[in-house]
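Engineer: So that you have it, the file is work-v9.cif, and it contains mmCIF, C-alpha atoms:
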data_upload
#
loop_
_atom_site.label_atom_id
_atom_site.label_comp_id
_atom_site.auth_asym_id
_atom_site.auth_seq_id
_atom_site.Cartn_x
_atom_site.Cartn_y
_atom_site.Cartn_z
CA MET A 1 22.75 -3.00 27.69
CA LYS A 2 21.10 0.21 28.83
CA LYS A 3 23.47 2.28 26.69
CA LEU A 4 22.84 0.04 23.67
CA TRP A 5 19.07 0.41 24.15
CA HIS A 6 19.31 4.21 24.33
CA LEU A 7 21.53 4.20 21.22
CA TYR A 8 18.94 2.04 19.41
CA ILE A 9 16.11 4.39 20.40
CA ARG A 10 18.02 7.48 19.31
CA THR A 11 19.00 6.01 15.92
CA SER A 12 16.66 7.03 13.10
CA LEU A 13 14.15 4.42 11.94
CA ILE A 14 15.41 4.44 8.35
CA LYS A 15 18.98 3.65 9.48
CA LYS A 16 17.72 0.79 11.63
CA ILE A 17 15.66 -0.62 8.76
CA THR A 18 18.59 -0.38 6.34
CA VAL A 19 20.83 -2.28 8.75
CA ALA A 20 18.02 -4.79 9.29
CA LEU A 21 17.78 -5.43 5.52
CA VAL A 22 21.51 -6.17 5.32
CA ILE A 23 21.41 -8.43 8.38
CA GLY A 24 18.36 -10.24 7.00
CA ILE A 25 20.02 -10.93 3.64
CA ILE A 26 23.17 -12.23 5.35
CA LEU A 27 21.16 -14.49 7.68
CA GLY A 28 19.13 -15.81 4.74
CA LEU A 29 22.23 -16.66 2.70
CA VAL A 30 23.99 -18.27 5.67
CA LEU A 31 21.07 -20.20 7.16
CA GLY A 32 19.26 -21.08 3.92
CA GLU A 33 15.93 -22.80 4.55
CA GLN A 34 16.77 -22.95 8.27
CA ALA A 35 16.11 -19.21 8.37
CA SER A 36 12.46 -20.21 8.76
CA VAL A 37 13.14 -20.47 12.52
CA LEU A 38 13.08 -16.64 12.50
CA ALA A 39 9.57 -16.57 11.01
CA PRO A 40 7.80 -15.88 14.35
CA PHE A 41 9.65 -12.56 14.65
CA GLY A 42 8.39 -11.53 11.21
CA ASP A 43 4.88 -12.76 11.98
CA LEU A 44 4.89 -10.70 15.17
CA LEU A 45 5.64 -7.53 13.18
CA LEU A 46 2.75 -8.19 10.80
CA ARG A 47 0.45 -8.87 13.76
CA LEU A 48 1.48 -5.65 15.50
CA LEU A 49 0.88 -3.59 12.36
CA GLN A 50 -2.52 -5.23 11.80
CA PHE A 51 -3.30 -4.72 15.50
CA ILE A 52 -2.99 -0.94 15.31
CA ILE A 53 -4.69 -0.39 11.92
CA VAL A 54 -8.33 -0.28 13.08
CA PRO A 55 -7.98 2.28 15.90
CA LEU A 56 -5.57 4.29 13.76
CA ILE A 57 -8.01 4.64 10.86
CA LEU A 58 -11.08 5.07 13.06
CA PHE A 59 -9.77 7.78 15.39
CA THR A 60 -7.62 9.61 12.81
CA LEU A 61 -10.51 9.90 10.36
CA ILE A 62 -13.13 10.94 12.95
CA VAL A 63 -10.77 13.65 14.23
CA GLY A 64 -9.93 14.69 10.68
CA VAL A 65 -13.59 15.01 9.67
CA ASN A 66 -14.19 17.27 12.65
CA GLN A 67 -11.34 19.56 11.61
CA THR A 68 -12.85 20.46 8.25
CA THR A 69 -16.21 21.09 6.58
CA ILE A 70 -18.34 18.59 4.65
CA GLY A 71 -17.77 20.64 1.49
CA ASN A 72 -13.99 20.47 1.87
CA LEU A 73 -14.20 16.74 2.55
CA GLY A 74 -16.23 16.14 -0.61
CA ARG A 75 -13.84 18.22 -2.71
CA MET A 76 -10.81 16.35 -1.39
CA GLY A 77 -12.55 13.02 -1.96
CA GLY A 78 -13.17 13.89 -5.61
CA LYS A 79 -9.52 14.81 -6.09
CA VAL A 80 -8.37 11.56 -4.48
CA PHE A 81 -10.55 9.36 -6.70
CA LEU A 82 -9.48 11.21 -9.87
CA TYR A 83 -5.80 10.91 -8.91
CA TYR A 84 -6.04 7.19 -8.14
CA LEU A 85 -7.89 6.45 -11.39
CA ALA A 86 -5.51 8.53 -13.51
CA THR A 87 -2.29 7.10 -12.05
CA SER A 88 -3.59 3.51 -12.30
CA ALA A 89 -4.29 4.01 -16.01
CA LEU A 90 -0.90 5.71 -16.45
CA ALA A 91 0.84 2.83 -14.67
CA ILE A 92 -0.74 0.31 -17.07
CA ILE A 93 0.47 2.38 -20.04
CA VAL A 94 3.98 2.62 -18.55
CA GLY A 95 4.06 -1.12 -17.93
CA THR A 96 2.95 -2.09 -21.45
CA SER A 97 5.32 0.44 -23.05
CA VAL A 98 8.39 -0.71 -21.13
CA ALA A 99 7.51 -4.39 -21.57
CA SER A 100 6.92 -3.94 -25.31
CA LEU A 101 10.35 -2.31 -25.57
CA PHE A 102 12.23 -5.18 -23.86
CA ASN A 103 9.86 -8.07 -24.75
CA PRO A 104 10.33 -10.34 -21.70
CA GLY A 105 9.44 -14.00 -22.24
CA THR A 106 10.68 -14.18 -25.81
CA GLY A 107 12.29 -17.59 -26.36
CA LEU A 108 10.60 -19.19 -23.34
CA SER A 109 7.82 -21.75 -23.70
CA LEU A 110 5.23 -23.43 -21.51
CA SER A 111 5.92 -27.06 -20.68
CA GLY A 112 2.24 -27.89 -20.38
CA ASP A 113 2.63 -29.04 -16.78
CA GLU A 114 1.74 -25.67 -15.28
CA THR A 115 -1.69 -25.47 -13.69
CA PHE A 116 -3.45 -22.61 -11.97
CA ASP A 117 -6.89 -22.36 -10.43
CA VAL A 118 -8.27 -18.89 -11.05
CA PRO A 119 -9.50 -17.32 -7.79
CA GLU A 120 -12.91 -15.72 -7.86
CA ASN A 121 -12.86 -12.04 -8.80
CA PRO A 122 -15.52 -10.16 -6.77
CA GLY A 123 -15.74 -7.39 -9.38
CA VAL A 124 -16.18 -3.65 -9.06
CA THR A 125 -19.85 -3.87 -7.99
CA GLN A 126 -19.10 -6.10 -5.01
CA VAL A 127 -16.18 -3.89 -3.97
CA LEU A 128 -18.48 -0.85 -4.02
CA LEU A 129 -21.11 -2.69 -1.96
CA ASN A 130 -18.44 -3.66 0.57
CA ILE A 131 -18.00 0.04 1.32
CA VAL A 132 -21.20 -0.18 3.39
CA PRO A 133 -20.79 -3.03 5.92
CA ASN A 134 -23.93 -4.91 6.92
CA ASN A 135 -22.33 -5.49 10.32
CA ILE A 136 -19.97 -2.97 11.92
CA VAL A 137 -18.36 -5.57 14.18
CA MET A 138 -17.61 -7.86 11.23
CA ALA A 139 -16.18 -4.95 9.22
CA PHE A 140 -13.69 -4.36 12.02
CA SER A 141 -12.93 -8.03 12.70
CA GLU A 142 -12.46 -8.85 9.00
CA MET A 143 -10.28 -5.76 8.48
CA ASN A 144 -12.62 -4.42 5.79
CA LEU A 145 -10.79 -1.12 5.26
CA LEU A 146 -13.51 0.34 3.03
CA GLY A 147 -16.12 -0.52 5.65
CA ILE A 148 -14.00 0.98 8.44
CA ILE A 149 -13.49 4.18 6.42
CA PHE A 150 -17.25 4.41 5.82
CA THR A 151 -18.00 3.86 9.51
CA ALA A 152 -15.47 6.50 10.60
CA LEU A 153 -16.81 9.02 8.07
CA VAL A 154 -20.44 8.49 9.09
CA PHE A 155 -19.78 8.77 12.82
CA GLY A 156 -17.32 11.62 12.29
CA VAL A 157 -19.92 13.59 10.36
CA GLY A 158 -22.52 12.70 13.02
CA ILE A 159 -20.32 14.04 15.82
CA ALA A 160 -19.60 17.20 13.82
CA TYR A 161 -23.35 17.75 13.37
CA LEU A 162 -24.12 17.21 17.07
CA ARG A 163 -21.38 19.67 18.03
CA SER A 164 -23.22 22.32 15.99
CA THR A 165 -26.55 21.75 17.77
CA GLU A 166 -27.59 23.60 20.91
CA GLN A 167 -29.02 20.55 22.68
CA PHE A 168 -26.07 18.13 22.31
CA ALA A 169 -23.10 20.48 21.76
CA ALA A 170 -21.55 19.94 25.20
CA LYS A 171 -21.89 16.15 25.14
CA ALA A 172 -20.66 15.93 21.53
CA LYS A 173 -17.65 18.08 22.38
CA ALA A 174 -16.85 15.82 25.34
CA LEU A 175 -17.12 12.78 23.04
CA TYR A 176 -14.88 14.42 20.44
CA ASP A 177 -12.30 15.29 23.11
CA LEU A 178 -12.30 11.64 24.22
CA ILE A 179 -11.79 10.42 20.63
CA ASP A 180 -9.05 13.01 20.12
CA THR A 181 -7.32 11.67 23.24
CA MET A 182 -7.72 8.09 21.97
CA ASN A 183 -6.17 9.22 18.68
CA GLU A 184 -3.13 10.58 20.51
CA LEU A 185 -2.95 7.37 22.57
CA THR A 186 -3.02 5.31 19.36
CA LEU A 187 -0.19 7.39 17.88
CA THR A 188 1.83 6.84 21.07
CA VAL A 189 1.32 3.06 20.88
CA MET A 190 2.29 3.17 17.19
CA LYS A 191 5.59 4.89 18.04
CA GLY A 192 6.38 1.93 20.27
CA ILE A 193 5.49 -0.56 17.52
CA LEU A 194 7.77 1.28 15.09
CA GLN A 195 10.73 0.45 17.33
CA TYR A 196 10.13 -3.25 16.62
CA VAL A 197 9.85 -2.80 12.84
CA PRO A 198 13.60 -3.34 12.09
CA ILE A 199 13.67 -6.64 14.00
CA GLY A 200 10.63 -7.96 12.16
CA ILE A 201 11.98 -6.81 8.79
CA ALA A 202 15.29 -8.61 9.35
CA ALA A 203 13.39 -11.83 10.09
CA ILE A 204 11.10 -11.51 7.04
CA ILE A 205 13.98 -10.80 4.64
CA ALA A 206 16.01 -13.70 6.06
CA GLY A 207 13.06 -16.03 5.45
CA ILE A 208 12.53 -14.84 1.87
CA VAL A 209 16.20 -15.09 0.91
CA GLY A 210 16.59 -18.43 2.66
CA GLU A 211 13.54 -19.98 1.00
CA GLU A 212 13.77 -18.53 -2.50
CA GLY A 213 17.54 -18.30 -2.90
CA VAL A 214 18.83 -17.17 -6.30
CA ASN A 215 17.56 -20.03 -8.48
CA THR A 216 14.12 -18.51 -8.98
CA LEU A 217 15.66 -15.17 -9.83
CA GLN A 218 17.84 -16.78 -12.51
CA GLU A 219 14.92 -18.64 -14.11
CA LEU A 220 12.71 -15.57 -14.64
CA GLY A 221 15.30 -12.83 -14.18
CA GLY A 222 14.38 -11.13 -17.47
CA PHE A 223 10.75 -10.69 -16.45
CA ILE A 224 11.72 -9.37 -13.01
CA GLY A 225 14.27 -6.97 -14.51
CA VAL A 226 11.75 -5.47 -16.97
CA LEU A 227 9.16 -5.13 -14.22
CA TYR A 228 11.56 -3.19 -12.00
CA VAL A 229 12.55 -0.93 -14.91
CA ALA A 230 8.84 -0.10 -15.37
CA LEU A 231 8.46 0.51 -11.62
CA LEU A 232 11.45 2.87 -11.79
CA VAL A 233 9.90 4.78 -14.70
CA GLN A 234 6.69 5.24 -12.70
CA LEU A 235 8.76 6.43 -9.74
CA VAL A 236 10.41 9.04 -11.99
CA ILE A 237 6.90 10.18 -12.99
CA TYR A 238 6.06 10.56 -9.30
CA VAL A 239 9.17 12.71 -8.89
CA GLY A 240 7.94 14.88 -11.76
CA ILE A 241 4.52 15.24 -10.11
CA LEU A 242 6.18 16.24 -6.83
CA LEU A 243 8.35 18.82 -8.59
CA LEU A 244 5.31 20.29 -10.35
CA SER A 245 3.62 20.67 -6.97
CA LYS A 246 6.77 22.44 -5.69
CA THR A 247 7.49 19.72 -3.14
CA LYS A 248 11.02 19.47 -1.75
CA LEU A 249 12.10 15.97 -2.79
CA GLY A 250 14.56 15.60 0.08
CA ASP A 251 11.93 16.37 2.70
CA PHE A 252 9.36 14.09 1.07
CA PHE A 253 11.55 11.02 0.61
CA LYS A 254 13.12 11.46 4.04
CA GLU A 255 9.73 10.46 5.46
CA ALA A 256 8.44 8.34 2.56
CA ARG A 257 11.41 5.96 2.42
CA THR A 258 10.43 4.22 5.67
CA PRO A 259 6.95 3.12 4.48
CA MET A 260 8.45 2.34 1.06
CA LEU A 261 10.99 -0.07 2.59
CA THR A 262 8.42 -1.53 4.99
CA ALA A 263 6.02 -2.18 2.10
CA PHE A 264 8.86 -3.70 0.07
CA VAL A 265 9.57 -6.25 2.79
CA THR A 266 6.04 -6.99 4.06
CA GLN A 267 4.40 -6.96 0.58
CA SER A 268 1.28 -5.48 2.17
CA SER A 269 -0.07 -1.98 1.53
CA SER A 270 -2.64 -2.34 4.31
CA GLY A 271 -0.07 -3.84 6.68
CA THR A 272 2.22 -0.87 6.04
CA LEU A 273 -0.63 1.60 6.64
CA PRO A 274 0.40 2.56 10.21
CA VAL A 275 3.89 3.47 8.96
CA THR A 276 2.44 5.36 5.98
CA LEU A 277 0.07 7.36 8.19
CA ASN A 278 2.98 8.20 10.47
CA ALA A 279 4.95 9.47 7.46
CA ALA A 280 2.02 11.66 6.38
CA ASN A 281 1.85 13.07 9.89
CA GLN A 282 5.60 13.80 9.85
CA LEU A 283 5.17 15.53 6.48
CA ASN A 284 2.54 17.75 8.13
CA LEU A 285 -0.09 16.86 5.53
CA ASN A 286 -3.78 17.65 5.92
CA LYS A 287 -5.09 15.23 8.59
CA SER A 288 -8.62 15.43 7.19
CA LEU A 289 -7.20 14.28 3.86
CA TYR A 290 -4.71 11.55 4.73
CA GLY A 291 -7.08 10.06 7.30
CA PHE A 292 -9.13 8.61 4.43
CA SER A 293 -6.91 8.95 1.33
CA LEU A 294 -4.19 6.60 2.61
CA PRO A 295 -6.52 3.82 3.91
CA LEU A 296 -8.51 4.15 0.67
CA GLY A 297 -5.32 4.04 -1.39
CA ALA A 298 -4.11 0.94 0.45
CA THR A 299 -7.32 -0.72 -0.73
CA ILE A 300 -7.92 0.48 -4.29
CA ASN A 301 -4.86 2.40 -5.55
CA MET A 302 -2.45 -0.16 -6.96
CA ASP A 303 -0.08 1.48 -9.42
CA GLY A 304 2.60 -1.15 -8.80
CA ALA A 305 0.09 -3.93 -9.29
CA ALA A 306 -1.15 -2.24 -12.48
CA ILE A 307 2.40 -2.27 -13.88
CA ARG A 308 2.66 -5.90 -12.85
CA ILE A 309 -0.48 -6.69 -14.87
CA ALA A 310 0.87 -4.96 -17.97
CA VAL A 311 4.33 -6.57 -17.90
CA SER A 312 2.80 -9.98 -17.15
CA ALA A 313 0.44 -9.68 -20.14
CA VAL A 314 3.27 -8.83 -22.54
CA PHE A 315 5.39 -11.63 -21.03
CA ALA A 316 2.62 -14.24 -21.46
CA ALA A 317 1.93 -13.14 -25.04
CA ASN A 318 5.62 -13.49 -25.92
CA VAL A 319 5.84 -16.93 -24.25
CA ILE A 320 3.10 -18.30 -26.52
CA GLY A 321 4.67 -16.58 -29.53
CA ASP A 322 1.76 -14.22 -30.19
CA PRO A 323 2.86 -10.66 -29.25
CA LEU A 324 0.09 -8.26 -28.29
CA SER A 325 -1.33 -6.08 -31.06
CA PHE A 326 -2.20 -2.43 -30.51
CA ALA A 327 -5.81 -3.46 -29.90
CA GLY A 328 -4.61 -6.06 -27.40
CA VAL A 329 -2.50 -3.47 -25.56
CA LEU A 330 -5.47 -1.10 -25.44
CA GLN A 331 -7.63 -3.88 -24.02
CA VAL A 332 -5.03 -4.61 -21.35
CA VAL A 333 -5.02 -0.91 -20.38
CA ILE A 334 -8.81 -0.76 -20.00
CA VAL A 335 -9.35 -4.15 -18.35
CA GLY A 336 -6.23 -3.79 -16.18
CA THR A 337 -7.33 -0.42 -14.81
CA LEU A 338 -10.76 -1.80 -13.87
CA ALA A 339 -9.27 -5.00 -12.45
CA SER A 340 -6.92 -3.04 -10.18
CA VAL A 341 -10.04 -1.58 -8.52
CA GLY A 342 -12.25 -4.66 -8.83
CA THR A 343 -9.95 -6.91 -6.81
CA ALA A 344 -9.35 -4.37 -4.06
CA GLY A 345 -8.74 -5.77 -0.58
CA VAL A 346 -8.72 -9.41 -1.72
CA PRO A 347 -5.92 -11.71 -0.45
CA GLY A 348 -3.54 -12.49 -3.31
CA ALA A 349 -4.96 -9.53 -5.23
CA GLY A 350 -1.96 -9.36 -7.59
CA ILE A 351 -2.43 -12.88 -8.92
CA ILE A 352 -6.22 -12.42 -9.15
CA MET A 353 -5.76 -9.23 -11.17
CA ILE A 354 -3.40 -10.96 -13.59
CA ALA A 355 -5.72 -13.94 -14.00
CA THR A 356 -8.68 -11.60 -14.60
CA VAL A 357 -6.87 -9.71 -17.35
CA PHE A 358 -5.52 -12.90 -18.95
CA SER A 359 -9.01 -14.40 -19.15
CA GLN A 360 -10.36 -11.22 -20.76
CA VAL A 361 -7.65 -10.83 -23.40
CA GLY A 362 -7.27 -14.55 -24.19
CA LEU A 363 -3.87 -15.24 -22.62
CA PRO A 364 -3.08 -18.71 -21.17
CA MET A 365 -3.68 -19.34 -17.47
CA GLU A 366 -0.62 -21.61 -17.49
CA ALA A 367 1.48 -18.45 -17.72
CA VAL A 368 -0.05 -17.25 -14.44
CA ALA A 369 1.20 -20.42 -12.78
CA LEU A 370 4.67 -19.71 -14.19
CA LEU A 371 4.62 -16.18 -12.78
CA THR A 372 3.66 -17.35 -9.29
CA ALA A 373 7.21 -18.70 -8.99
CA VAL A 374 8.50 -15.13 -8.68
CA ASP A 375 5.43 -13.71 -6.94
CA VAL A 376 7.45 -12.75 -3.85
CA PHE A 377 10.04 -10.69 -5.72
CA VAL A 378 7.41 -9.08 -7.95
CA GLY A 379 5.11 -8.32 -5.04
CA MET A 380 7.87 -6.58 -3.09
CA GLY A 381 8.54 -3.95 -5.74
CA ALA A 382 4.89 -3.54 -6.73
CA THR A 383 3.75 -2.99 -3.12
CA ALA A 384 6.49 -0.43 -2.47
CA LEU A 385 5.31 1.54 -5.51
CA ASN A 386 1.67 1.24 -4.41
CA VAL A 387 2.48 2.91 -1.09
CA THR A 388 4.66 5.54 -2.78
CA GLY A 389 1.80 6.46 -5.13
CA ASP A 390 -0.58 6.86 -2.19
CA LEU A 391 1.79 9.22 -0.40
CA VAL A 392 2.61 11.23 -3.53
CA GLY A 393 -1.07 11.76 -4.31
CA THR A 394 -1.92 12.70 -0.72
CA ASN A 395 1.02 15.12 -0.62
CA VAL A 396 0.05 16.82 -3.89
CA ILE A 397 -3.65 17.08 -3.01
CA SER A 398 -2.78 18.41 0.44
CA LYS A 399 -0.80 21.22 -1.20
CA THR A 400 -3.72 22.15 -3.48
CA GLU A 401 -5.97 22.29 -0.41
CA LYS A 402 -3.57 24.64 1.36
CA ARG A 403 -3.49 26.94 -1.67
CA SER A 404 -7.29 26.94 -2.00
CA SER A 405 -7.96 27.51 1.69
#
As structure tokens - that is how I would like this structure written.

Structural biologist:
Amino acid sequence: MKKLWHLYIRTSLIKKITVALVIGIILGLVLGEQASVLAPFGDLLLRLLQFIIVPLILFTLIVGVNQTTIGNLGRMGGKVFLYYLATSALAIIVGTSVASLFNPGTGLSLSGDETFDVPENPGVTQVLLNIVPNNIVMAFSEMNLLGIIFTALVFGVGIAYLRSTEQFAAKAKALYDLIDTMNELTLTVMKGILQYVPIGIAAIIAGIVGEEGVNTLQELGGFIGVLYVALLVQLVIYVGILLLSKTKLGDFFKEARTPMLTAFVTQSSSGTLPVTLNAANQLNLNKSLYGFSLPLGATINMDGAAIRIAVSAVFAANVIGDPLSFAGVLQVVIVGTLASVGTAGVPGAGIIMIATVFSQVGLPMEAVALLTAVDVFVGMGATALNVTGDLVGTNVISKTEKRSS
């Protein structure tokens, strides 16, 4: 047993996750719905990842802020927002273009039995207000990532200022050293959690395969296929962006593939955040940058979800026999880009985004109910692309900072 444990520890995380995916699929096919007995192992993984998120963001960002200047931080922040906005709009265009080429949903019809209650969309204004928490404790307990980022930035800047004063320099330095030590402690704990990731992934995949089977895939296979083609096109665009920034693709994807696979299985950008931050650290990216760009991206940068909106809109239009006009496509691009930000951090954000766009462009809500049948399979690919987009942007911006420094 001791030798097996040492072999497990020495094996790379990506190899362990790949084996875990295969084992999970086999267990799901063999056990069927009984695979649900493995659910606690998957739930434990999600709990462990959520457990480490708050200290990881808080300490990483405070340390990062104190390793740069306010001017550099503002410049990087501007680049991050521009990148996220541009790639979200591009993803919507990619999604509508690919969907319009293949026309998923043609020949299908709504039975009239589908019902769907539209969740409340908080809107862009509320999301922006949520950046400033009215209660720090609640921001942490409710996992309000935007609020946690704001808190870390404010206190990080405060510590940096006190370190520059004559009166409090010594005490502020001692406080910073303590936080830096806590950051290293958090990274050490995270390394231990990463060893459990393959076990949790095997359990989650087994549950998904056992519960969903292949029937759902057969019913809406055309829609899923078109969506994944669009996701692949966006991934190719990412590769182009990386090449333009003179990034070695092998080195990048060697580290990025682990958070990509973890996001694919867990369907949670925020839940994958510890793994994504670890990948950024392994890529030796700017800590001051990725300390806020990745948590921010996990909340508002949803390229995969944007593609999902676009393909879903074309699908719904074809189902009712009224294909989208050019004006309709343009409206989907504009509304979809805003919706991908306006529903940030909301549970079930993908479905809320789709419902928001459908209501704005006059598409039937019954089609949303139809799409929920394949929400798991759609969410897996979309979330993996979300995380990939965050890492690509952080990598590219980090390179521009190195050149400008």

Engineer: Calculate how many Å separate atom CA of Leu283 of chain A from atom CA of Leu235 of chain A, rounding to one decimal.

Structural biologist: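 Here the two named atoms are 18.9 Å from each other.
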
Engineer: With distances taken over only C-alpha atoms, which residue among A:Val378, A:Ala20, A:Val239, A:Leu324 lies nearest Phe358 of chain A?

Structural biologist: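 Ranking A:Val378, A:Ala20, A:Val239, A:Leu324 by distance to Phe358 of chain A, first place goes to A:Leu324.
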
Engineer: Show which residues sit within 12 Å of Gly32 of chain A, as a ChimeraX atom specification. Count all atoms listed in the file, and ignore same-chain residues fewer than 3 positions away.

Structural biologist: /A:24-29,35-38,205-214

Engineer: Find the distance between atom CA of Asn395 of chain A and atom CA of Thr276 of chain A and write it in Å to one decimal.

Structural biologist: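 Those two atoms sit 11.9 Å apart.
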
Engineer: Just to confirm, what's the straight-line distance from atom CA of Pro198 of chain A to atom CA of Leu45 of chain A in Å (one decimal)?

Structural biologist: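 If I compute the distance from atom CA of Pro198 of chain A to atom CA of Leu45 of chain A, I get 9.1 Å.
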
Engineer: Expanded to explicit residues, what is the PyMOL selection byres ((chain A and resi 101) around 12) for this file, as a PDB file with C-alpha atoms, in the frame of the given file?

Structural biologist:
ATOM      1  CA  VAL A  94       3.980   2.620 -18.550  1.00  0.00           C
ATOM      2  CA  GLY A  95       4.060  -1.120 -17.930  1.00  0.00           C
ATOM      3  CA  THR A  96       2.950  -2.090 -21.450  1.00  0.00           C
ATOM      4  CA  SER A  97       5.320   0.440 -23.050  1.00  0.00           C
ATOM      5  CA  VAL A  98       8.390  -0.710 -21.130  1.00  0.00           C
ATOM      6  CA  ALA A  99       7.510  -4.390 -21.570  1.00  0.00           C
ATOM      7  CA  SER A 100       6.920  -3.940 -25.310  1.00  0.00           C
ATOM      8  CA  PHE A 102      12.230  -5.180 -23.860  1.00  0.00           C
ATOM      9  CA  ASN A 103       9.860  -8.070 -24.750  1.00  0.00           C
ATOM     10  CA  PRO A 104      10.330 -10.340 -21.700  1.00  0.00           C
ATOM     11  CA  THR A 106      10.680 -14.180 -25.810  1.00  0.00           C
ATOM     12  CA  VAL A 226      11.750  -5.470 -16.970  1.00  0.00           C
ATOM     13  CA  LEU A 227       9.160  -5.130 -14.220  1.00  0.00           C
ATOM     14  CA  VAL A 229      12.550  -0.930 -14.910  1.00  0.00           C
ATOM     15  CA  ALA A 230       8.840  -0.100 -15.370  1.00  0.00           C
ATOM     16  CA  VAL A 311       4.330  -6.570 -17.900  1.00  0.00           C
ATOM     17  CA  VAL A 314       3.270  -8.830 -22.540  1.00  0.00           C
ATOM     18  CA  PHE A 315       5.390 -11.630 -21.030  1.00  0.00           C
ATOM     19  CA  PRO A 323       2.860 -10.660 -29.250  1.00  0.00           C
TER      20      PRO A 323
END

Engineer: Got a sec to resolve the PyMOL selection byres ((chain A and resi 64-71) around 6) on this structure and send the residues as a PyMOL selection string?

Structural biologist: chain A and resi 60-63+72-74+156+160+287-288

Engineer: What's around segment 246-254 of chain A at 9 Å? Count all atoms listed in the file, leave out sequence neighbours fewer than 4 positions away in its own chain, and write the answer as a PyMOL selection string.

Structural biologist: chain A and resi 14+239+241-242+258+283+392+395-396+399

Engineer: Go through A:Ile92, A:Gly222, A:Arg163, A:Arg75 one by one, measure the shortest atom-to-atom distance of each to Val329 of chain A using all atoms listed in the file, and give the residue with the smallest value.

Structural biologist: A:Ile92

Engineer: Taking into account all atoms listed in the file, which residue in the set A:Gln267, A:Thr87, A:Asn278, A:Ser312 is nearest to Gly393 of chain A?

Structural biologist: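 Using all atoms listed in the file, the shortest distance to Gly393 of chain A belongs to A:Thr87.
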
Engineer: Please list as a ChimeraX atom specification every residue within 6 Å of Ala367 of chain A, counting all atoms listed in the file and excluding residues in the same chain fewer than 3 positions away.

Structural biologist: /A:316,364,370

Engineer: List as a list in words the protein and nucleic acid residues near Pro295 of chain A, meaning an atom at most 7 Å away when all atoms listed in the file are counted, but skip any in the same chain fewer than 4 places from it.

Structural biologist: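 So the residues in contact are Leu145, Leu273 and Thr299 of chain A.
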
Engineer: For a quick check of understanding, using all atoms listed in the file, which of A:Val357, A:Val319, A:Ala203, A:Ile57 has the smallest distance to Asn144 of chain A?

Structural biologist: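 Using all atoms listed in the file, Asn144 of chain A sits closest to A:Ile57.
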
Engineer: Using all atoms listed in the file, which residue out of A:Ser270, A:Thr18, A:Ser88, A:Gln195 lies closest to Val54 of chain A?

Structural biologist: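 Of A:Ser270, A:Thr18, A:Ser88, A:Gln195, the one nearest Val54 of chain A is A:Ser270, counting all atoms listed in the file.
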
Engineer: Calculated over all atoms listed in the file, which of the candidates A:Glu401, A:Gly105, A:Tyr228, A:Asn281 has the smallest distance to Asp322 of chain A?

Structural biologist: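 Looking at the shortest contact to Asp322 of chain A, the residue is A:Gly105.
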
Engineer: I want to know what sits within 12 Å of Gly381 of chain A, based on only C-alpha atoms, with residues of the same chain fewer than 5 positions away left out; could you give that as a VMD selection string?

Structural biologist: chain A and resid 224 to 232 234 to 235 260 to 269 302 to 308 350 374 to 376 386 to 388

Engineer: Just so the selection is clear, what residues does the PyMOL selection byres ((chain A and resi 83) around 12) cover here, as JSON, numbers by chain?

Structural biologist: {"A": [76, 77, 78, 79, 80, 81, 82, 84, 85, 86, 87, 88, 89, 90, 91, 238, 241, 293, 297, 300, 301, 302, 303, 389, 390, 391, 392, 393, 394, 395, 396, 397]}
